[in-house]
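Q: Supplied structure: entry.pdb, PDB, C-alpha atoms.
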MODEL        1
ATOM      1  CA  SER A   1     -29.797 -37.638  16.797
ATOM      2  CA  SER A   2     -27.494 -35.522  14.720
ATOM      3  CA  ARG A   3     -23.892 -36.680  14.365
ATOM      4  CA  PRO A   4     -21.174 -34.308  15.730
ATOM      5  CA  ARG A   5     -19.304 -32.430  13.051
ATOM      6  CA  MET A   6     -15.508 -32.772  12.754
ATOM      7  CA  LYS A   7     -13.667 -29.456  13.012
ATOM      8  CA  LEU A   8     -11.362 -29.062  10.061
ATOM      9  CA  PRO A   9      -8.035 -27.126  10.332
ATOM     10  CA  THR A  10      -8.177 -23.640   8.824
ATOM     11  CA  MET A  11      -5.520 -22.109   6.596
ATOM     12  CA  ASP A  12      -4.262 -18.537   6.703
ATOM     13  CA  PRO A  13      -4.396 -17.375   3.080
ATOM     14  CA  ALA A  14      -1.475 -14.977   3.540
ATOM     15  CA  TYR A  15       1.088 -17.507   4.683
ATOM     16  CA  GLY A  16      -0.263 -20.982   4.248
ATOM     17  CA  ALA A  17       0.029 -21.610   8.020
ATOM     18  CA  VAL A  18      -2.361 -24.258   9.271
ATOM     19  CA  GLU A  19      -4.120 -23.850  12.586
ATOM     20  CA  GLY A  20      -4.176 -27.117  14.494
ATOM     21  CA  GLY A  21      -1.893 -28.643  11.905
ATOM     22  CA  PHE A  22       1.773 -28.126  10.915
ATOM     23  CA  GLN A  23       3.433 -24.652  10.788
ATOM     24  CA  LYS A  24       5.877 -23.896   7.967
ATOM     25  CA  ASP A  25       9.356 -22.761   8.942
ATOM     26  CA  GLN A  26       9.594 -18.972   8.621
ATOM     27  CA  SER A  27      13.105 -18.506  10.067
ATOM     28  CA  PHE A  28      14.706 -17.727   6.719
ATOM     29  CA  SER A  29      11.614 -17.002   4.678
ATOM     30  CA  SER A  30      11.315 -13.972   2.442
ATOM     31  CA  PHE A  31       8.465 -12.763   4.638
ATOM     32  CA  THR A  32       7.861 -12.629   8.390
ATOM     33  CA  PRO A  33       4.809 -14.321   9.926
ATOM     34  CA  GLY A  34       1.752 -12.131  10.507
ATOM     35  CA  LYS A  35      -1.447 -11.007   8.962
ATOM     36  CA  ARG A  36       0.365  -8.887   6.404
ATOM     37  CA  LYS A  37       3.333 -10.050   4.396
ATOM     38  CA  ARG A  38       6.390  -8.129   5.451
ATOM     39  CA  LEU A  39       9.964  -8.686   4.283
ATOM     40  CA  ASN A  40      12.100 -10.698   6.689
ATOM     41  CA  LEU A  41      14.583  -8.123   8.011
ATOM     42  CA  VAL A  42      16.738 -10.766   9.689
ATOM     43  CA  ALA A  43      17.180 -12.595   6.376
ATOM     44  CA  ILE A  44      18.025  -9.301   4.654
ATOM     45  CA  PHE A  45      20.627  -8.432   7.296
ATOM     46  CA  VAL A  46      22.224 -11.890   7.149
ATOM     47  CA  SER A  47      22.259 -11.865   3.331
ATOM     48  CA  LEU A  48      23.948  -8.468   3.358
ATOM     49  CA  LEU A  49      26.744  -9.275   5.792
ATOM     50  CA  THR A  50      27.628 -12.964   5.418
ATOM     51  CA  PRO A  51      28.677 -12.885   1.716
ATOM     52  CA  TRP A  52      30.761  -9.771   2.393
ATOM     53  CA  VAL A  53      32.476 -11.356   5.413
ATOM     54  CA  LEU A  54      33.163 -14.458   3.303
ATOM     55  CA  PHE A  55      34.649 -12.282   0.541
ATOM     56  CA  CYS A  56      36.902 -10.444   3.011
ATOM     57  CA  CYS A  57      38.174 -13.665   4.603
ATOM     58  CA  ILE A  58      39.014 -15.368   1.301
ATOM     59  CA  PHE A  59      40.524 -12.189  -0.144
ATOM     60  CA  ALA A  60      42.759 -11.730   2.922
ATOM     61  CA  ALA A  61      43.826 -15.383   2.912
ATOM     62  CA  LEU A  62      44.905 -15.203  -0.735
ATOM     63  CA  SER A  63      46.462 -11.719  -0.582
ATOM     64  CA  PHE A  64      48.665 -11.712   2.477
ATOM     65  CA  GLN A  65      51.175 -13.767   4.461
ATOM     66  CA  LEU A  66      49.155 -16.974   4.623
ATOM     67  CA  HIS A  67      49.451 -17.286   0.832
ATOM     68  CA  TYR A  68      53.208 -16.655   1.016
ATOM     69  CA  TRP A  69      53.999 -19.179   3.736
ATOM     70  CA  SER A  70      51.284 -21.791   3.082
ATOM     71  CA  PRO A  71      49.576 -21.555  -0.321
ATOM     72  CA  SER A  72      47.569 -24.740   0.265
ATOM     73  CA  ALA A  73      46.073 -23.334   3.474
ATOM     74  CA  ALA A  74      45.224 -20.080   1.696
ATOM     75  CA  TRP A  75      43.459 -21.873  -1.150
ATOM     76  CA  SER A  76      41.538 -24.028   1.325
ATOM     77  CA  SER A  77      39.538 -20.877   2.114
ATOM     78  CA  VAL A  78      38.125 -21.096  -1.416
ATOM     79  CA  THR A  79      37.056 -24.676  -0.711
ATOM     80  CA  ALA A  80      35.327 -23.462   2.453
ATOM     81  CA  GLY A  81      33.492 -20.797   0.443
ATOM     82  CA  LEU A  82      32.284 -23.335  -2.079
ATOM     83  CA  ALA A  83      31.176 -25.599   0.787
ATOM     84  CA  LEU A  84      29.051 -22.765   2.207
ATOM     85  CA  THR A  85      27.577 -22.276  -1.245
ATOM     86  CA  GLY A  86      26.614 -25.941  -1.333
ATOM     87  CA  ILE A  87      25.033 -25.807   2.122
ATOM     88  CA  ALA A  88      22.901 -22.793   1.195
ATOM     89  CA  ALA A  89      21.868 -24.476  -2.059
ATOM     90  CA  PHE A  90      20.912 -27.616  -0.127
ATOM     91  CA  PHE A  91      18.593 -25.680   2.210
ATOM     92  CA  ALA A  92      17.094 -23.810  -0.733
ATOM     93  CA  ARG A  93      16.331 -27.098  -2.470
ATOM     94  CA  ARG A  94      14.975 -28.649   0.746
ATOM     95  CA  ASN A  95      12.582 -25.760   1.272
ATOM     96  CA  GLN A  96      11.456 -26.006  -2.329
ATOM     97  CA  VAL A  97      10.714 -29.726  -1.953
ATOM     98  CA  ARG A  98       8.736 -29.027   1.240
ATOM     99  CA  GLU A  99       6.858 -26.276  -0.572
ATOM    100  CA  GLN A 100       8.350 -23.682   1.733
ATOM    101  CA  ASP A 101       9.790 -20.341   0.677
ATOM    102  CA  PRO A 102      13.377 -20.899  -0.608
ATOM    103  CA  SER A 103      14.009 -17.309  -1.758
ATOM    104  CA  TRP A 104      16.693 -16.056   0.649
ATOM    105  CA  PHE A 105      18.472 -19.414   0.748
ATOM    106  CA  THR A 106      18.666 -19.283  -3.054
ATOM    107  CA  PHE A 107      19.996 -15.745  -2.872
ATOM    108  CA  ALA A 108      22.556 -16.788  -0.231
ATOM    109  CA  ALA A 109      23.841 -19.624  -2.421
ATOM    110  CA  LEU A 110      24.316 -17.287  -5.378
ATOM    111  CA  ALA A 111      25.888 -14.569  -3.202
ATOM    112  CA  PHE A 112      28.309 -17.022  -1.541
ATOM    113  CA  PHE A 113      29.375 -18.367  -4.924
ATOM    114  CA  ALA A 114      29.952 -14.874  -6.354
ATOM    115  CA  ALA A 115      31.872 -13.793  -3.238
ATOM    116  CA  THR A 116      34.093 -16.881  -3.375
ATOM    117  CA  VAL A 117      34.951 -16.554  -7.067
ATOM    118  CA  LEU A 118      35.540 -12.799  -6.948
ATOM    119  CA  ALA A 119      37.669 -13.029  -3.801
ATOM    120  CA  ALA A 120      39.775 -15.832  -5.276
ATOM    121  CA  ILE A 121      40.479 -13.919  -8.497
ATOM    122  CA  LEU A 122      41.065 -10.475  -6.979
ATOM    123  CA  GLY A 123      42.953 -11.738  -3.928
ATOM    124  CA  ASP A 124      45.320 -13.813  -6.040
ATOM    125  CA  MET A 125      45.944 -10.846  -8.355
ATOM    126  CA  ASN A 126      46.702  -8.600  -5.399
ATOM    127  CA  TYR A 127      49.153 -11.153  -4.060
ATOM    128  CA  TRP A 128      51.149 -11.568  -7.268
ATOM    129  CA  TYR A 129      51.198  -7.899  -8.287
ATOM    130  CA  HIS A 130      51.785  -6.293  -4.877
ATOM    131  CA  MET A 131      52.304  -8.468  -1.820
ATOM    132  CA  GLN A 132      54.454 -11.280  -3.182
ATOM    133  CA  PRO A 133      57.205  -8.887  -4.409
ATOM    134  CA  TYR A 134      57.058  -7.147  -1.035
ATOM    135  CA  TYR A 135      57.419 -10.396   0.937
ATOM    136  CA  ASP A 136      60.211 -11.624  -1.354
ATOM    137  CA  ILE A 137      62.331  -8.515  -0.833
ATOM    138  CA  GLU A 138      61.599  -8.308   2.900
ATOM    139  CA  ASN A 139      62.773 -11.880   3.473
ATOM    140  CA  ILE A 140      66.220 -11.573   1.898
ATOM    141  CA  ASN A 141      69.253  -9.521   2.880
ATOM    142  CA  SER A 142      70.247  -5.889   2.469
ATOM    143  CA  TYR A 143      73.887  -5.020   1.704
ATOM    144  CA  PRO A 144      75.465  -1.571   2.234
ATOM    145  CA  ASP A 145      78.609  -0.073   0.648
ATOM    146  CA  VAL A 146      78.914  -2.544  -2.201
ATOM    147  CA  ASN A 147      81.716  -1.908  -4.685
ATOM    148  CA  PRO A 148      81.044  -3.518  -8.088
ATOM    149  CA  ALA A 149      84.794  -3.613  -8.797
ATOM    150  CA  ARG A 150      85.488  -5.560  -5.598
ATOM    151  CA  GLU A 151      82.463  -7.745  -4.871
ATOM    152  CA  ARG A 152      81.333 -10.642  -7.013
ATOM    153  CA  GLY A 153      77.839 -11.862  -7.755
ATOM    154  CA  GLN A 154      78.403 -15.115  -5.872
ATOM    155  CA  GLN A 155      78.950 -13.123  -2.664
ATOM    156  CA  LEU A 156      75.539 -11.458  -2.840
ATOM    157  CA  MET A 157      73.296 -14.320  -3.896
ATOM    158  CA  ASP A 158      70.759 -13.460  -1.182
ATOM    159  CA  ALA A 159      70.754  -9.713  -1.825
ATOM    160  CA  GLY A 160      67.381  -7.985  -1.980
ATOM    161  CA  ARG A 161      68.462  -4.381  -1.509
ATOM    162  CA  VAL A 162      71.962  -3.255  -2.413
ATOM    163  CA  TYR A 163      73.406   0.168  -1.577
ATOM    164  CA  PHE A 164      76.475   0.856  -3.681
ATOM    165  CA  GLU A 165      79.415   3.037  -2.733
ATOM    166  CA  ASP A 166      79.539   6.668  -3.786
ATOM    167  CA  GLY A 167      80.930   7.005  -7.284
ATOM    168  CA  THR A 168      78.979   3.996  -8.535
ATOM    169  CA  GLY A 169      76.884   4.518 -11.654
ATOM    170  CA  LEU A 170      75.609   3.025 -14.889
ATOM    171  CA  ASP A 171      77.765   2.431 -17.935
ATOM    172  CA  THR A 172      75.142   3.056 -20.603
ATOM    173  CA  SER A 173      77.771   2.759 -23.337
ATOM    174  CA  LYS A 174      77.663  -1.002 -22.697
ATOM    175  CA  SER A 175      73.874  -1.284 -22.541
ATOM    176  CA  MET A 176      72.122  -4.022 -24.481
ATOM    177  CA  SER A 177      68.621  -5.335 -25.085
ATOM    178  CA  PHE A 178      66.934  -8.586 -25.968
ATOM    179  CA  LYS A 179      63.548  -8.581 -27.643
ATOM    180  CA  ASN A 180      60.923 -11.243 -27.039
ATOM    181  CA  LEU A 181      57.621  -9.449 -27.561
ATOM    182  CA  ASP A 182      58.837  -6.966 -24.897
ATOM    183  CA  ARG A 183      62.317  -5.438 -24.973
ATOM    184  CA  TYR A 184      64.472  -6.461 -22.010
ATOM    185  CA  CYS A 185      67.116  -3.822 -21.319
ATOM    186  CA  VAL A 186      70.355  -4.117 -19.314
ATOM    187  CA  ALA A 187      73.253  -1.824 -18.427
ATOM    188  CA  PRO A 188      76.241  -2.667 -16.206
ATOM    189  CA  ILE A 189      76.680  -1.025 -12.805
ATOM    190  CA  ILE A 190      80.288   0.127 -12.473
ATOM    191  CA  SER A 191      82.570   1.954 -10.061
ATOM    192  CA  GLY A 192      85.168   4.239 -11.617
ATOM    193  CA  GLU A 193      86.429   4.215 -15.168
ATOM    194  CA  ALA A 194      88.611   1.103 -15.111
ATOM    195  CA  PRO A 195      87.278  -2.041 -16.814
ATOM    196  CA  LEU A 196      85.981  -4.708 -14.452
ATOM    197  CA  THR A 197      87.190  -8.277 -14.324
ATOM    198  CA  SER A 198      83.593  -9.438 -14.211
ATOM    199  CA  TYR A 199      80.488  -7.310 -14.697
ATOM    200  CA  ASP A 200      78.198  -8.997 -12.185
ATOM    201  CA  PHE A 201      75.817  -6.148 -11.325
ATOM    202  CA  TRP A 202      73.307  -4.981 -13.918
ATOM    203  CA  ALA A 203      70.505  -2.436 -13.957
ATOM    204  CA  VAL A 204      67.447  -3.676 -15.817
ATOM    205  CA  GLY A 205      64.099  -2.563 -17.170
ATOM    206  CA  VAL A 206      61.475  -3.517 -19.731
ATOM    207  CA  ASN A 207      60.706  -1.466 -22.862
ATOM    208  CA  CYS A 208      62.921   1.424 -21.746
ATOM    209  CA  CYS A 209      65.763   1.312 -24.276
ATOM    210  CA  GLY A 210      66.410   1.195 -28.000
ATOM    211  CA  LEU A 211      68.588  -0.871 -30.272
ATOM    212  CA  SER A 212      71.684   1.335 -30.030
ATOM    213  CA  ALA A 213      74.097   1.784 -27.136
ATOM    214  CA  ASN A 214      73.549   4.743 -24.786
ATOM    215  CA  SER A 215      69.774   4.299 -25.191
ATOM    216  CA  PHE A 216      69.211   2.873 -21.706
ATOM    217  CA  ARG A 217      66.396   4.851 -20.012
ATOM    218  CA  CYS A 218      65.320   2.493 -17.227
ATOM    219  CA  GLY A 219      64.644   3.298 -13.612
ATOM    220  CA  GLU A 220      66.294   6.414 -12.192
ATOM    221  CA  TYR A 221      69.062   6.344 -14.787
ATOM    222  CA  ASN A 222      69.363  10.150 -14.817
ATOM    223  CA  ASN A 223      69.209  10.679 -11.041
ATOM    224  CA  PRO A 224      72.717  11.566  -9.771
ATOM    225  CA  LYS A 225      71.656  10.576  -6.233
ATOM    226  CA  ALA A 226      70.716   7.054  -7.280
ATOM    227  CA  HIS A 227      73.281   4.579  -5.912
ATOM    228  CA  ALA A 228      71.094   1.626  -4.956
ATOM    229  CA  GLY A 229      69.345  -1.335  -6.513
ATOM    230  CA  LEU A 230      66.235  -3.360  -5.776
ATOM    231  CA  ARG A 231      66.658  -6.997  -6.779
ATOM    232  CA  LEU A 232      64.687  -8.379  -9.722
ATOM    233  CA  MET A 233      62.570 -11.192  -8.271
ATOM    234  CA  SER A 234      60.588 -12.251 -11.339
ATOM    235  CA  ASP A 235      61.615 -15.734 -12.425
ATOM    236  CA  ASP A 236      59.761 -15.248 -15.717
ATOM    237  CA  GLN A 237      61.830 -12.233 -16.756
ATOM    238  CA  ARG A 238      65.259 -13.307 -15.506
ATOM    239  CA  PRO A 239      66.144 -15.607 -18.478
ATOM    240  CA  PHE A 240      65.534 -12.781 -20.979
ATOM    241  CA  PHE A 241      67.761 -10.378 -19.053
ATOM    242  CA  ARG A 242      70.400 -13.112 -18.941
ATOM    243  CA  LEU A 243      70.244 -13.386 -22.735
ATOM    244  CA  ALA A 244      70.677  -9.613 -23.028
ATOM    245  CA  VAL A 245      73.786  -9.826 -20.825
ATOM    246  CA  GLN A 246      75.176 -12.620 -23.003
ATOM    247  CA  GLN A 247      74.697 -10.389 -26.041
ATOM    248  CA  ALA A 248      76.525  -7.578 -24.213
ATOM    249  CA  GLU A 249      79.391  -9.972 -23.403
ATOM    250  CA  ALA A 250      79.773 -10.825 -27.065
ATOM    251  CA  ALA A 251      79.338  -7.264 -28.327
ATOM    252  CA  TYR A 252      81.718  -5.533 -25.877
ATOM    253  CA  ASN A 253      84.127  -8.398 -25.166
ATOM    254  CA  ILE A 254      83.426  -8.406 -21.425
ATOM    255  CA  LYS A 255      82.745 -11.086 -18.846
ATOM    256  CA  ALA A 256      79.711 -11.498 -16.576
ATOM    257  CA  ASN A 257      80.390 -14.658 -14.593
ATOM    258  CA  HIS A 258      77.408 -14.399 -12.265
ATOM    259  CA  PRO A 259      75.148 -11.489 -13.187
ATOM    260  CA  LEU A 260      72.643 -10.137 -10.666
ATOM    261  CA  PHE A 261      69.816  -7.880 -11.828
ATOM    262  CA  PHE A 262      68.526  -4.765 -10.078
ATOM    263  CA  TYR A 263      66.132  -1.901 -10.619
ATOM    264  CA  TRP A 264      68.279   1.225 -10.353
ATOM    265  CA  MET A 265      66.946   3.790  -7.868
ATOM    266  CA  GLN A 266      67.761   6.136  -5.009
ATOM    267  CA  ASP A 267      65.549   4.689  -2.250
ATOM    268  CA  PRO A 268      64.693   0.964  -2.385
ATOM    269  CA  VAL A 269      62.852   1.150   0.951
ATOM    270  CA  ALA A 270      60.330   3.613  -0.484
ATOM    271  CA  GLU A 271      59.760   1.306  -3.439
ATOM    272  CA  ILE A 272      59.205  -1.690  -1.148
ATOM    273  CA  LEU A 273      56.720   0.267   0.956
ATOM    274  CA  HIS A 274      54.937   1.247  -2.251
ATOM    275  CA  TYR A 275      54.290  -2.445  -2.954
ATOM    276  CA  LYS A 276      52.893  -2.854   0.572
ATOM    277  CA  THR A 277      50.681   0.242   0.563
ATOM    278  CA  SER A 278      49.414  -0.611  -2.929
ATOM    279  CA  GLY A 279      48.459  -4.089  -1.735
ATOM    280  CA  PHE A 280      46.534  -2.785   1.267
ATOM    281  CA  ALA A 281      44.889  -0.047  -0.791
ATOM    282  CA  TRP A 282      43.803  -2.656  -3.362
ATOM    283  CA  ALA A 283      42.388  -4.795  -0.539
ATOM    284  CA  LEU A 284      40.367  -1.940   0.980
ATOM    285  CA  ALA A 285      39.049  -0.906  -2.430
ATOM    286  CA  ALA A 286      38.034  -4.483  -3.289
ATOM    287  CA  MET A 287      36.254  -4.986   0.040
ATOM    288  CA  ALA A 288      34.396  -1.685  -0.262
ATOM    289  CA  ALA A 289      33.420  -2.452  -3.863
ATOM    290  CA  HIS A 290      32.101  -5.893  -2.941
ATOM    291  CA  PHE A 291      30.047  -4.483  -0.068
ATOM    292  CA  ALA A 292      28.461  -1.952  -2.448
ATOM    293  CA  PHE A 293      27.850  -4.687  -5.030
ATOM    294  CA  ASN A 294      26.243  -7.006  -2.477
ATOM    295  CA  LEU A 295      24.150  -4.139  -1.098
ATOM    296  CA  LEU A 296      22.723  -3.542  -4.582
ATOM    297  CA  CYS A 297      22.045  -7.261  -5.009
ATOM    298  CA  VAL A 298      20.247  -7.504  -1.656
ATOM    299  CA  GLY A 299      18.212  -4.408  -2.474
ATOM    300  CA  GLY A 300      17.248  -5.861  -5.830
ATOM    301  CA  ALA A 301      16.298  -9.188  -4.259
ATOM    302  CA  ALA A 302      14.207  -7.487  -1.563
ATOM    303  CA  PHE A 303      12.404  -5.456  -4.221
ATOM    304  CA  ALA A 304      11.730  -8.585  -6.280
ATOM    305  CA  PHE A 305      10.399 -10.466  -3.250
ATOM    306  CA  SER A 306       8.123  -7.566  -2.325
ATOM    307  CA  LYS A 307       6.698  -7.698  -5.858
ATOM    308  CA  LEU A 308       6.014 -11.398  -5.380
ATOM    309  CA  ALA A 309       4.179 -10.591  -2.145
ATOM    310  CA  ARG A 310       1.765  -8.336  -4.035
ATOM    311  CA  GLU A 311       1.151 -10.936  -6.711
ATOM    312  CA  PHE A 312       0.504 -13.780  -4.299
TER     313      PHE A 312
ENDMDL
END
For this file, write the structure as structure tokens.
A:
Amino acid sequence: SSRPRMKLPTMDPAYGAVEGGFQKDQSFSSFTPGKRKRLNLVAIFVSLLTPWVLFCCIFAALSFQLHYWSPSAAWSSVTAGLALTGIAAFFARRNQVREQDPSWFTFAALAFFAATVLAAILGDMNYWYHMQPYYDIENINSYPDVNPARERGQQLMDAGRVYFEDGTGLDTSKSMSFKNLDRYCVAPIISGEAPLTSYDFWAVGVNCCGLSANSFRCGEYNNPKAHAGLRLMSDDQRPFFRLAVQQAEAAYNIKANHPLFFYWMQDPVAEILHYKTSGFAWALAAMAAHFAFNLLCVGGAAFAFSKLAREF
């Protein structure tokens, strides 16, 4: 009698799926299961949104208040982004070892890494250039009706915004500069014509004066309505302005026992709000740019995977 034949499992040539045997995982494959190879729309949608959401979260953490109050917590978002990159890379490698399609996992790993690095760099820049000055000024005091002839620098150590009395102005005849690559310019803020016991309030600027006296052209120096100052918060620049004041003390035989430095202007509030609006505008622009960039990358990846489908 003839021996019964053993039925062998058959293989779908389009996908490598085995009938009666094991089925390969198609949940995050480049192609969806079926008789024709079609791009996996779920994988495309996830690859488009998740890197962008990651970018937005890291950028926000490093740009805004979390960075100001808890820098370590803000930077931990970068660690989380790198961890997601590692997880995606792990699944891509696992699928490759199992001879499954690793394409979108590989793309996700690269996209997560790019989103993390770009968000860390751009978010940190936005913080230092825009939001950190805004938070610094907002968290210290505002003083009205300050008279430079009466008040002393020690009394206004925590001043962020200072509104001087009417009749206060700049004495550009006692301006001075100190050059260290850039030129750091100072001019005393005075009230009236009488000499002051101590010149503790100074208007400052960078690269806005010359070598001679009366060459101070910083801030709103020529605005007759300007009677206010916004405190210099840059620790890097303060020592150079202090050296310029010391030169002015020696040149004009004056005293500055505790100099405080301000940007001379009419409306400090408007300047503070400019920092804030610039920071938010930078954030929106960065998020929109990253979405467009990731959209192009996903489109390119989808096109490349569709080419692979035709070849195989």
Q: Can you turn the PyMOL selection byres ((chain A and resi 45) around 12) into a concrete residue list for this file, as a PDB file with C-alpha atoms, in the frame of the given file?
A:
ATOM      1  CA  PHE A  28      14.706 -17.727   6.719  1.00  0.00           C
ATOM      2  CA  SER A  30      11.315 -13.972   2.442  1.00  0.00           C
ATOM      3  CA  LEU A  39       9.964  -8.686   4.283  1.00  0.00           C
ATOM      4  CA  ASN A  40      12.100 -10.698   6.689  1.00  0.00           C
ATOM      5  CA  LEU A  41      14.583  -8.123   8.011  1.00  0.00           C
ATOM      6  CA  VAL A  42      16.738 -10.766   9.689  1.00  0.00           C
ATOM      7  CA  ALA A  43      17.180 -12.595   6.376  1.00  0.00           C
ATOM      8  CA  ILE A  44      18.025  -9.301   4.654  1.00  0.00           C
ATOM      9  CA  VAL A  46      22.224 -11.890   7.149  1.00  0.00           C
ATOM     10  CA  SER A  47      22.259 -11.865   3.331  1.00  0.00           C
ATOM     11  CA  LEU A  48      23.948  -8.468   3.358  1.00  0.00           C
ATOM     12  CA  LEU A  49      26.744  -9.275   5.792  1.00  0.00           C
ATOM     13  CA  THR A  50      27.628 -12.964   5.418  1.00  0.00           C
ATOM     14  CA  PRO A  51      28.677 -12.885   1.716  1.00  0.00           C
ATOM     15  CA  TRP A  52      30.761  -9.771   2.393  1.00  0.00           C
ATOM     16  CA  TRP A 104      16.693 -16.056   0.649  1.00  0.00           C
ATOM     17  CA  ALA A 108      22.556 -16.788  -0.231  1.00  0.00           C
ATOM     18  CA  ASN A 294      26.243  -7.006  -2.477  1.00  0.00           C
ATOM     19  CA  LEU A 295      24.150  -4.139  -1.098  1.00  0.00           C
ATOM     20  CA  VAL A 298      20.247  -7.504  -1.656  1.00  0.00           C
ATOM     21  CA  GLY A 299      18.212  -4.408  -2.474  1.00  0.00           C
ATOM     22  CA  ALA A 302      14.207  -7.487  -1.563  1.00  0.00           C
TER      23      ALA A 302
END
Q: What does the structure give for the distance between atom CA of Lys255 of chain A and atom CA of Phe164 of chain A, in Å to one decimal?
A: 20.3 Å
Q: On this structure, the PyMOL selection byres ((chain A and resi 163) around 6) would catch which residues? List them as a list in words, sorted by chain and number.
A: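 Evaluating the PyMOL selection byres ((chain A and resi 163) around 6) on this file yields Pro144, Asp145, Val162, Phe164 and Ala228 of chain A.
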Q: Work out how far apart atom CA of Ile137 of chain A and atom CA of His67 of chain A are and give it in Å to one decimal.
A: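 We find that atom CA of Ile137 of chain A and atom CA of His67 of chain A lie 15.7 Å from each other.
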Q: Fewer than 4 positions away in the same chain doesn't count, so skip those; otherwise give me all residues within 9 Å of Gly279 of chain A, counting all atoms listed in the file, as a ChimeraX atom specification.
A: /A:63-64,126-127,129-131,274-275,283-284
Q: Using the chain letters and numbering of this document, enumerate as a PDB file with C-alpha atoms, keeping the file's coordinate frame the residues selected by the PyMOL selection byres ((chain A and resi 149-156) around 6).
A:
ATOM      1  CA  ASN A 147      81.716  -1.908  -4.685  1.00  0.00           C
ATOM      2  CA  PRO A 148      81.044  -3.518  -8.088  1.00  0.00           C
ATOM      3  CA  MET A 157      73.296 -14.320  -3.896  1.00  0.00           C
ATOM      4  CA  ASP A 158      70.759 -13.460  -1.182  1.00  0.00           C
ATOM      5  CA  ALA A 159      70.754  -9.713  -1.825  1.00  0.00           C
ATOM      6  CA  LEU A 196      85.981  -4.708 -14.452  1.00  0.00           C
ATOM      7  CA  ASP A 200      78.198  -8.997 -12.185  1.00  0.00           C
ATOM      8  CA  HIS A 258      77.408 -14.399 -12.265  1.00  0.00           C
TER       9      HIS A 258
END
Q: Could you name the residues that touch Leu243 of chain A at 12 Å or less, counting all atoms listed in the file, but leaving out those on the same chain fewer than 4 positions away, as a count of residues only?
A: 18
